[in-house]
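**Student:** Dropping a structure here in structure tokens format, bear with me for questions.
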Amino acid sequence: MQESTKLANIFPAELTIPLNMVIEKQLDQKEYLVDGELKIWNGSIQEVFSPVFVKEGNRISRKRLGSYPLLGEKESFEALQSAQQTYNLGRGEWPTMSVKNRIEHMLMFVKMMKEQKANVVKWLMWEIGKPFKDSEKEFDRTIEYIIDTIEALKNLDRESSRIEKKNEIYAQIRRGPLGVTLCMGPYNYPLNETFALLIPALIMGNVVILKPAKHGILLLHPLLNAFKECFPKGVINIIYGHGKETVAKLMESGKVDVFAFIGSSKVANVIKKLHPKPNRLRSILGLEAKNPAIVLRDAYIELAVNECISGSLSFNGQRCTALKIIFVHEDIVEDFNKRFVEKLEKLKMGMPWEDGVFITPLPEFDKPTYIKELIDDAVNNGAKIINKDGGETLESFVYPAVLYPINSKMRVYNEEQFGPVIPILSFKSISEPIQYMVDSNFGQQVSIFGTDSTQLAQLIDPLVNQVCRVNINCQCQRSPDVFPFNGRKDSAEGTLSVFDALRVFSIRTMVAVKDMDLNKKIVSEILEERKSNFLSTDYIL
Ligand code: G3H
């Protein structure tokens, strides 16, 4: 790694860390949640280190945060057995419980979760290096997601609480759970995106085995007790460990009904293929993306620069929705690049607890090496690093590199960098960025910057069929969470949003009766005496 000067003093001495941000005690987690019990693990462990290094004299070393259990096959199967017994092939208490009661469990959880905000946020910041304010936002966004999910479910339930009639058939149609759900979230939103899978899965009556992401694990520890207290035993099980000994074994058993995963397609495909009965497995996947920005000749350059800075560099570019390649019309590319670099140079770099900080250390140990490979490859193929100190690295800290001009020979043209590298190239004809999108393996979103409504309209119509969200004069993003979040090609399977997630974690199922006196009497008795949770016309307000 190249010798750093800009970054020489980027990491702090322990004593200079503000007291309210200090981790008072390392967390050597022994507990894992299986079958409603916080069991204690005394076997092998995985140590957890922060992306933040601390200085002692002339030396810097990675801050140790604690450790978590490396469970094995036996414990994973205990979790599976508990989940299966609890689901009991759809006959268990949780999958047959009324929606109203499931909501009550969820509300109890939200209350206990809110009490843990300070703890969760601090671990989130230390474990993945996310700025403190953004870590707080992630927590609040997750609470809002749960509340919105509850409201969406109430709506869905109200809409399903009537009996329909077609020809001679009366029917009540509702959504029912799918079964044992394996949930795995990503390290960049280890709370929000994990819960955006977990919460709808649970509230629809599924039972869950959750395995946290590769980073951002200890932050779930303060919530273990809330999970234990708020849900019947076996409804949520949380396991930790290497994929081979845990999720791989579960999948091979054929007993997992739903695979909910946000991360890389490489990992998703390996896990998915292990299921012996693929037709039984429903997959909900959020995978890679390479969202382009297209800056047209008549774009407001200042606006485009601001959105592209935030779109490519928020959380150091570690967002699946980040802008990962920027196409700029050749007539304005010089101006765009100049302003982009000026703006980048004003971004504050530093430690995640610092006010207004934007560029922070990276949690993946091997990411700085990968970023360097991408930069070297681009430079060897004709690109220049156009910002001063771009790519300078000190251990986990990588100062963003702006690369121009990019061409199709370079790895960064196609690979999802998921880090602080911004590839820019110019175009003459709009067909060039469009062809890039047509040829791309990914199809999540695009951002177009321009002012001519006729030209924009001509682009919108073909581009909505290449990706699933066309952003006009705005960066790509998932939020607000009530909007659909999905992708074409290799970017996703299934659609997530507050509302859509309730659908993907459930299946339409119905009760039908022929119009005859006997059946009318039976249905009336069931409804009037509230004998069934499913066949019911009760409203939740
Ligand atoms: O990493 C992918 C996230 O879902 C991005 O969410 O666009 O709201 O930051 P965001």
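Ordered as shown in the structure tokens, chains take letters A, B, and onward, while each chain numbers its residues from 1 and ligands are numbered from 1 in the order shown.
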Write out as a compact mmCIF listing (two decimals) with N, CA, C and O atoms, in the first residue's frame the residues lying within 10 Å of stretch 183-190 of chain A, counting only C-alpha atoms and excluding same-chain residues fewer than 5 positions away.
**Tutor:**
# COMPACT_ATOMS: atom_id res chain seq x y z
N LEU A 124 -23.09 0.21 15.99
CA LEU A 124 -23.19 0.36 14.53
C LEU A 124 -22.06 1.25 14.01
O LEU A 124 -21.36 0.92 13.04
N GLU A 127 -18.63 -0.60 14.59
CA GLU A 127 -18.40 -1.84 13.83
C GLU A 127 -18.20 -1.60 12.34
O GLU A 127 -17.43 -2.31 11.70
N ILE A 128 -18.95 -0.64 11.76
CA ILE A 128 -18.80 -0.49 10.30
C ILE A 128 -18.29 0.89 9.90
O ILE A 128 -18.17 1.18 8.71
N GLY A 129 -18.02 1.75 10.88
CA GLY A 129 -17.44 3.06 10.55
C GLY A 129 -18.46 4.02 9.94
O GLY A 129 -18.08 4.99 9.28
N LYS A 130 -19.74 3.76 10.16
CA LYS A 130 -20.76 4.67 9.61
C LYS A 130 -20.82 5.92 10.48
O LYS A 130 -20.85 5.80 11.72
N SER A 135 -25.68 6.66 11.52
CA SER A 135 -26.03 5.47 12.30
C SER A 135 -27.34 5.72 13.05
O SER A 135 -28.21 4.84 13.12
N GLU A 138 -30.08 5.46 10.61
CA GLU A 138 -30.40 4.06 10.28
C GLU A 138 -31.32 3.45 11.33
O GLU A 138 -32.26 2.72 11.02
N PHE A 139 -31.04 3.78 12.58
CA PHE A 139 -31.89 3.25 13.66
C PHE A 139 -33.31 3.81 13.52
O PHE A 139 -34.29 3.05 13.54
N PHE A 195 -33.52 -5.81 9.04
CA PHE A 195 -34.88 -5.74 9.60
C PHE A 195 -35.93 -5.55 8.51
O PHE A 195 -37.09 -5.93 8.69
N ALA A 196 -35.53 -4.97 7.38
CA ALA A 196 -36.49 -4.81 6.28
C ALA A 196 -36.87 -6.17 5.68
O ALA A 196 -37.85 -6.29 4.97
N LEU A 197 -36.07 -7.20 6.00
CA LEU A 197 -36.43 -8.57 5.63
C LEU A 197 -37.12 -9.27 6.81
O LEU A 197 -38.16 -9.90 6.68
N LEU A 198 -36.48 -9.12 7.96
CA LEU A 198 -36.93 -9.84 9.15
C LEU A 198 -38.36 -9.47 9.59
O LEU A 198 -39.19 -10.35 9.87
N ALA A 201 -41.21 -10.65 7.37
CA ALA A 201 -41.26 -12.12 7.44
C ALA A 201 -41.99 -12.54 8.71
O ALA A 201 -42.91 -13.37 8.69
N VAL A 208 -38.37 -17.43 11.82
CA VAL A 208 -37.13 -16.95 11.20
C VAL A 208 -35.88 -17.50 11.88
O VAL A 208 -35.83 -17.62 13.12
N ILE A 209 -34.92 -17.84 11.05
CA ILE A 209 -33.55 -18.05 11.54
C ILE A 209 -32.75 -16.90 10.93
O ILE A 209 -32.68 -16.77 9.71
N LEU A 210 -32.19 -16.08 11.80
CA LEU A 210 -31.45 -14.91 11.33
C LEU A 210 -29.97 -15.14 11.53
O LEU A 210 -29.53 -15.52 12.61
N LYS A 211 -29.21 -14.93 10.46
CA LYS A 211 -27.75 -14.91 10.61
C LYS A 211 -27.28 -13.54 10.17
O LYS A 211 -27.50 -13.13 9.04
N PRO A 212 -26.67 -12.79 11.12
CA PRO A 212 -26.27 -11.42 10.79
C PRO A 212 -25.19 -11.37 9.71
O PRO A 212 -24.55 -12.38 9.39
N ALA A 213 -24.98 -10.15 9.19
CA ALA A 213 -24.00 -9.92 8.12
C ALA A 213 -22.58 -10.16 8.63
O ALA A 213 -22.36 -10.37 9.83
N LYS A 214 -21.58 -10.06 7.73
CA LYS A 214 -20.20 -10.35 8.15
C LYS A 214 -19.63 -9.25 9.04
O LYS A 214 -18.72 -9.48 9.82
N HIS A 215 -20.13 -8.02 8.92
CA HIS A 215 -19.76 -6.95 9.86
C HIS A 215 -21.06 -6.35 10.37
O HIS A 215 -22.06 -6.32 9.65
N GLY A 216 -21.02 -5.83 11.60
CA GLY A 216 -22.25 -5.26 12.16
C GLY A 216 -23.04 -6.34 12.87
O GLY A 216 -24.22 -6.57 12.57
N ILE A 217 -22.37 -7.02 13.78
CA ILE A 217 -22.97 -8.17 14.46
C ILE A 217 -23.27 -7.85 15.91
O ILE A 217 -24.36 -8.12 16.42
N LEU A 219 -23.96 -5.16 17.21
CA LEU A 219 -25.04 -4.18 17.37
C LEU A 219 -26.39 -4.85 17.62
O LEU A 219 -27.33 -4.21 18.09
N LEU A 220 -26.49 -6.14 17.28
CA LEU A 220 -27.75 -6.85 17.54
C LEU A 220 -27.83 -7.37 18.98
O LEU A 220 -28.91 -7.72 19.45
N ILE A 238 -31.52 -16.65 16.43
CA ILE A 238 -30.40 -15.89 15.87
C ILE A 238 -29.11 -16.69 16.05
O ILE A 238 -28.74 -17.02 17.18
N VAL A 247 -25.46 -21.75 7.64
CA VAL A 247 -26.53 -21.64 6.63
C VAL A 247 -26.44 -22.71 5.54
O VAL A 247 -27.46 -23.18 5.05
N VAL A 258 -38.01 -20.18 2.81
CA VAL A 258 -37.79 -18.85 2.23
C VAL A 258 -36.35 -18.43 2.50
O VAL A 258 -35.86 -18.56 3.63
N PHE A 259 -35.69 -17.95 1.46
CA PHE A 259 -34.31 -17.47 1.60
C PHE A 259 -34.33 -15.97 1.32
O PHE A 259 -34.56 -15.55 0.18
N ALA A 260 -34.13 -15.17 2.36
CA ALA A 260 -34.19 -13.71 2.22
C ALA A 260 -32.78 -13.18 2.46
O ALA A 260 -32.23 -13.32 3.56
N PHE A 261 -32.21 -12.57 1.43
CA PHE A 261 -30.78 -12.28 1.48
C PHE A 261 -30.48 -10.96 0.76
O PHE A 261 -30.98 -10.72 -0.33
N ILE A 262 -29.67 -10.14 1.40
CA ILE A 262 -29.15 -8.96 0.70
C ILE A 262 -27.64 -9.02 0.78
O ILE A 262 -27.07 -9.09 1.89
N GLY A 263 -26.97 -9.03 -0.37
CA GLY A 263 -25.52 -9.16 -0.40
C GLY A 263 -25.07 -9.48 -1.81
O GLY A 263 -25.72 -9.06 -2.77
N SER A 264 -24.01 -10.28 -1.92
CA SER A 264 -23.46 -10.52 -3.27
C SER A 264 -24.14 -11.72 -3.93
O SER A 264 -24.54 -12.68 -3.26
N ALA A 268 -25.17 -15.57 -2.65
CA ALA A 268 -26.58 -15.96 -2.79
C ALA A 268 -26.71 -17.23 -3.64
O ALA A 268 -27.44 -18.16 -3.28
N ILE A 284 -35.87 -14.16 -1.93
CA ILE A 284 -36.04 -12.72 -2.00
C ILE A 284 -34.63 -12.14 -1.88
O ILE A 284 -34.01 -12.24 -0.82
N LEU A 285 -34.12 -11.61 -2.98
CA LEU A 285 -32.70 -11.25 -3.00
C LEU A 285 -32.48 -9.80 -3.43
O LEU A 285 -33.08 -9.33 -4.39
N GLY A 286 -31.60 -9.12 -2.71
CA GLY A 286 -31.12 -7.80 -3.13
C GLY A 286 -29.63 -7.97 -3.41
O GLY A 286 -28.86 -8.27 -2.50
N LEU A 287 -29.21 -7.79 -4.68
CA LEU A 287 -27.83 -8.14 -5.04
C LEU A 287 -27.07 -6.93 -5.58
O LEU A 287 -27.42 -5.79 -5.25
N PHE A 315 -21.55 7.18 2.67
CA PHE A 315 -20.98 5.98 3.30
C PHE A 315 -19.88 5.38 2.42
O PHE A 315 -19.81 4.18 2.19
N GLY A 317 -19.38 5.22 -0.61
CA GLY A 317 -19.77 4.46 -1.81
C GLY A 317 -20.24 3.05 -1.51
O GLY A 317 -20.48 2.26 -2.42
N GLN A 318 -20.41 2.73 -0.23
CA GLN A 318 -20.80 1.36 0.14
C GLN A 318 -22.32 1.25 0.25
O GLN A 318 -22.86 0.89 1.29
N ARG A 319 -23.01 1.59 -0.81
CA ARG A 319 -24.47 1.43 -0.86
C ARG A 319 -24.78 0.71 -2.16
O ARG A 319 -24.18 1.01 -3.19
N CYS A 320 -25.72 -0.23 -2.08
CA CYS A 320 -26.05 -0.93 -3.34
C CYS A 320 -26.62 0.06 -4.34
O CYS A 320 -26.46 -0.12 -5.54
N PRO A 363 -14.91 -0.99 6.63
CA PRO A 363 -14.92 -2.17 7.51
C PRO A 363 -14.34 -3.44 6.91
O PRO A 363 -13.85 -4.30 7.64
N GLU A 364 -14.38 -3.61 5.59
CA GLU A 364 -13.90 -4.88 5.01
C GLU A 364 -12.37 -4.85 4.95
O GLU A 364 -11.78 -3.97 4.32
N PHE A 418 -18.22 -0.80 -4.89
CA PHE A 418 -18.74 -0.73 -3.51
C PHE A 418 -17.72 -0.09 -2.57
O PHE A 418 -17.37 -0.60 -1.51
**Student:** Excluding A:Val412 and its own-chain neighbours fewer than 3 positions away, which residues fall within 10 Å of it when counting only C-alpha atoms? Please give them as an mmCIF file with C-alpha atoms, in the first residue's frame.
**Tutor:**
data_model
loop_
_atom_site.group_PDB
_atom_site.id
_atom_site.type_symbol
_atom_site.label_atom_id
_atom_site.label_comp_id
_atom_site.auth_asym_id
_atom_site.auth_seq_id
_atom_site.Cartn_x
_atom_site.Cartn_y
_atom_site.Cartn_z
ATOM 1 C CA LYS A 290 -23.805 -0.625 -11.083
ATOM 2 C CA LYS A 324 -20.992 3.614 -9.585
ATOM 3 C CA ILE A 325 -20.182 5.080 -12.990
ATOM 4 C CA ILE A 371 -9.716 -0.599 -4.487
ATOM 5 C CA GLU A 373 -6.278 -3.078 -7.836
ATOM 6 C CA LEU A 374 -9.149 -1.285 -9.564
ATOM 7 C CA ILE A 375 -7.258 2.014 -9.609
ATOM 8 C CA ASP A 377 -5.885 -1.426 -13.589
ATOM 9 C CA ALA A 378 -7.669 1.745 -14.723
ATOM 10 C CA LEU A 403 -10.812 8.207 -12.416
ATOM 11 C CA ILE A 406 -12.822 5.315 -18.182
ATOM 12 C CA ASN A 407 -13.161 2.769 -20.964
ATOM 13 C CA SER A 408 -14.582 -0.711 -21.365
ATOM 14 C CA LYS A 409 -11.185 -2.414 -20.969
ATOM 15 C CA GLU A 415 -17.297 -4.337 -11.587
ATOM 16 C CA GLU A 416 -19.292 -3.020 -8.656
ATOM 17 C CA GLN A 417 -16.599 -1.217 -6.656
ATOM 18 C CA VAL A 421 -13.732 5.080 -6.427
ATOM 19 C CA ILE A 422 -15.601 7.273 -8.913
ATOM 20 C CA PRO A 423 -15.187 6.301 -12.583
#
**Student:** Can you tell me which residues surround A:Ser50 at a distance of at most 12 Å, considering only C-alpha atoms, apart from same-chain residues fewer than 4 positions away, and format the answer as a short mmCIF file (atom, residue, chain, number, x, y, z; two decimals) with N, CA and C atoms, in the first residue's frame?
**Tutor:**
data_model
loop_
_atom_site.label_atom_id
_atom_site.label_comp_id
_atom_site.auth_asym_id
_atom_site.auth_seq_id
_atom_site.Cartn_x
_atom_site.Cartn_y
_atom_site.Cartn_z
N ILE A 23 -16.35 3.20 23.51
CA ILE A 23 -16.92 1.91 23.90
C ILE A 23 -16.31 1.58 25.26
N GLN A 26 -15.26 -3.87 26.04
CA GLN A 26 -15.39 -4.74 24.87
C GLN A 26 -16.52 -5.73 25.13
N VAL A 54 -6.41 2.99 16.34
CA VAL A 54 -6.02 4.00 17.33
C VAL A 54 -4.49 4.06 17.42
N SER A 61 -3.06 0.71 15.68
CA SER A 61 -3.58 -0.66 15.63
C SER A 61 -5.10 -0.62 15.63
N ARG A 62 -5.65 -1.64 15.01
CA ARG A 62 -7.10 -1.73 14.87
C ARG A 62 -7.74 -1.90 16.24
N LYS A 63 -8.79 -1.16 16.48
CA LYS A 63 -9.44 -1.21 17.80
C LYS A 63 -10.24 -2.50 17.91
N ARG A 64 -9.95 -3.26 18.97
CA ARG A 64 -10.72 -4.49 19.19
C ARG A 64 -12.04 -4.13 19.87
N LEU A 65 -13.15 -4.69 19.35
CA LEU A 65 -14.47 -4.38 19.93
C LEU A 65 -15.01 -5.52 20.78
N GLY A 66 -14.60 -6.74 20.45
CA GLY A 66 -15.12 -7.88 21.21
C GLY A 66 -15.08 -9.13 20.36
N SER A 67 -16.07 -10.00 20.56
CA SER A 67 -16.11 -11.25 19.79
C SER A 67 -17.53 -11.79 19.79
N LYS A 122 -24.25 3.13 18.84
CA LYS A 122 -22.80 3.20 19.10
C LYS A 122 -22.06 1.99 18.50
N TRP A 123 -22.65 0.81 18.66
CA TRP A 123 -22.00 -0.38 18.06
C TRP A 123 -21.99 -0.27 16.54
N LEU A 124 -23.09 0.21 15.99
CA LEU A 124 -23.19 0.36 14.53
C LEU A 124 -22.06 1.25 14.01
N MET A 125 -21.87 2.37 14.69
CA MET A 125 -20.81 3.30 14.29
C MET A 125 -19.43 2.65 14.40
N TRP A 126 -19.18 1.99 15.50
CA TRP A 126 -17.84 1.41 15.71
C TRP A 126 -17.59 0.19 14.83
N GLU A 127 -18.63 -0.60 14.59
CA GLU A 127 -18.40 -1.84 13.83
C GLU A 127 -18.20 -1.60 12.34
N ILE A 128 -18.95 -0.64 11.76
CA ILE A 128 -18.80 -0.49 10.30
C ILE A 128 -18.29 0.89 9.90
N GLY A 129 -18.02 1.75 10.88
CA GLY A 129 -17.44 3.06 10.55
C GLY A 129 -18.46 4.02 9.94
N LYS A 130 -19.74 3.76 10.16
CA LYS A 130 -20.76 4.67 9.61
C LYS A 130 -20.82 5.92 10.48
N HIS A 215 -20.13 -8.02 8.92
CA HIS A 215 -19.76 -6.95 9.86
C HIS A 215 -21.06 -6.35 10.37
N GLY A 216 -21.02 -5.83 11.60
CA GLY A 216 -22.25 -5.26 12.16
C GLY A 216 -23.04 -6.34 12.87
N ILE A 217 -22.37 -7.02 13.78
CA ILE A 217 -22.97 -8.17 14.46
C ILE A 217 -23.27 -7.85 15.91
N LEU A 218 -22.29 -7.22 16.57
CA LEU A 218 -22.47 -6.93 18.00
C LEU A 218 -23.63 -5.97 18.22
N MET A 351 -13.00 10.51 11.63
CA MET A 351 -13.54 9.39 12.38
C MET A 351 -15.07 9.52 12.44
N PRO A 352 -15.78 8.38 12.54
CA PRO A 352 -17.24 8.42 12.38
C PRO A 352 -17.98 9.27 13.42
N THR A 360 -15.00 8.05 5.85
CA THR A 360 -14.61 7.35 7.09
C THR A 360 -13.89 6.03 6.72
N PRO A 361 -13.32 5.34 7.71
CA PRO A 361 -12.62 4.08 7.39
C PRO A 361 -13.57 2.98 6.91
N LEU A 362 -13.02 2.01 6.18
CA LEU A 362 -13.82 0.94 5.57
C LEU A 362 -13.77 -0.33 6.43
N PRO A 363 -14.91 -0.99 6.63
CA PRO A 363 -14.92 -2.17 7.51
C PRO A 363 -14.34 -3.44 6.91
N GLU A 364 -14.38 -3.61 5.59
CA GLU A 364 -13.90 -4.88 5.01
C GLU A 364 -12.37 -4.85 4.95
N PHE A 365 -11.76 -5.84 5.56
CA PHE A 365 -10.30 -5.86 5.66
C PHE A 365 -9.62 -5.81 4.30
N GLU A 395 -4.04 1.93 5.95
CA GLU A 395 -4.78 0.79 6.51
C GLU A 395 -6.22 0.78 6.00
N SER A 396 -7.20 1.04 6.88
CA SER A 396 -8.61 0.92 6.46
C SER A 396 -9.14 2.20 5.82
N PHE A 397 -8.32 3.24 5.77
CA PHE A 397 -8.81 4.53 5.28
C PHE A 397 -8.35 4.74 3.83
#
**Student:** As an MDAnalysis selection string, please: every residue in stretch 131-218 of chain A that a backbone DSSP assignment puts in strand (DSSP E or B).
**Tutor:** chainID A and resid 164:166 169:176 180:184 207:210
**Student:** Create the file for the chosen residues now, containing C-alpha atoms and written as a PDB file, in the first residue's frame.
**Tutor:**
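Full text of selection_0.pdb as output:
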ATOM      1  CA  GLU A 164     -66.340 -12.013  -1.959  1.00  0.00           C
ATOM      2  CA  LYS A 165     -68.793 -13.751  -4.260  1.00  0.00           C
ATOM      3  CA  LYS A 166     -68.299 -14.821  -7.870  1.00  0.00           C
ATOM      4  CA  ILE A 169     -68.791 -19.320  -4.784  1.00  0.00           C
ATOM      5  CA  TYR A 170     -68.268 -17.268  -1.644  1.00  0.00           C
ATOM      6  CA  ALA A 171     -64.595 -16.780  -0.738  1.00  0.00           C
ATOM      7  CA  GLN A 172     -62.419 -15.091   1.789  1.00  0.00           C
ATOM      8  CA  ILE A 173     -58.934 -14.436   0.448  1.00  0.00           C
ATOM      9  CA  ARG A 174     -56.060 -13.518   2.731  1.00  0.00           C
ATOM     10  CA  ARG A 175     -52.313 -13.791   2.742  1.00  0.00           C
ATOM     11  CA  GLY A 176     -50.754 -16.642   4.718  1.00  0.00           C
ATOM     12  CA  VAL A 180     -39.154 -21.339   7.856  1.00  0.00           C
ATOM     13  CA  THR A 181     -37.328 -18.249   6.662  1.00  0.00           C
ATOM     14  CA  LEU A 182     -33.561 -17.818   6.575  1.00  0.00           C
ATOM     15  CA  CYS A 183     -32.727 -14.092   6.799  1.00  0.00           C
ATOM     16  CA  MET A 184     -29.307 -12.621   6.017  1.00  0.00           C
ATOM     17  CA  VAL A 207     -40.667 -18.223  11.669  1.00  0.00           C
ATOM     18  CA  VAL A 208     -37.133 -16.952  11.201  1.00  0.00           C
ATOM     19  CA  ILE A 209     -33.546 -18.047  11.541  1.00  0.00           C
ATOM     20  CA  LEU A 210     -31.453 -14.908  11.328  1.00  0.00           C
TER      21      LEU A 210
END
**Student:** Which distance in Å separates atom CA of A:Ser479 and atom CA of A:Ile199, to one decimal?
**Tutor:**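 Atom-to-atom, atom CA of A:Ser479 to atom CA of A:Ile199, that is 17.1 Å.
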**Student:** Between A:Pro292, A:Pro232, A:Pro12, A:Gly243, which one has atoms that come closest to A:Val270, using only C-alpha atoms?
**Tutor:**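 Closest residue, counting only C-alpha atoms: A:Gly243.
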**Student:** Pick the closest to ligand 1 from A:Leu250, A:Val467, A:Leu191, A:Val379: which is it, counting only C-alpha atoms and all ligand atoms?
**Tutor:**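 Ranking A:Leu250, A:Val467, A:Leu191, A:Val379 by distance to ligand 1, first place goes to A:Leu191.
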**Student:** Find the residue from A:Ala289, A:Ile359, A:Ile540, A:Leu394 that sits nearest to ligand 1; use only C-alpha atoms and all ligand atoms when measuring.
**Tutor:** A:Ala289
**Student:** Could you pull out all residues of stretch 329-522 of chain A with a DSSP call of helix (DSSP H, G or I) and give them as a ChimeraX atom specification?
**Tutor:** /A:333-346,367-380,411-414,431-439,453-463,498-504,517-522
**Student:** One decimal, Å: what's the distance from atom CA of A:Gln81 over to atom CA of A:Leu274, could you say?
**Tutor:**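 Interatomic distance, atom CA of A:Gln81 to atom CA of A:Leu274: 18.6 Å.
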**Student:** For atom CA of A:Phe505 and atom CA of A:Asn206, determine how far apart the two atoms are, in Å to one decimal place.
**Tutor:**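 Separation between atom CA of A:Phe505 and atom CA of A:Asn206: 7.7 Å.
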**Student:** Measuring between only C-alpha atoms and all ligand atoms, which one of A:Asn414, A:Asn155, A:Asn465, A:Asn291 shows the shortest distance to ligand 1?
**Tutor:**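 Once distances to ligand 1 are computed over only C-alpha atoms and all ligand atoms, the minimum belongs to A:Asn291.
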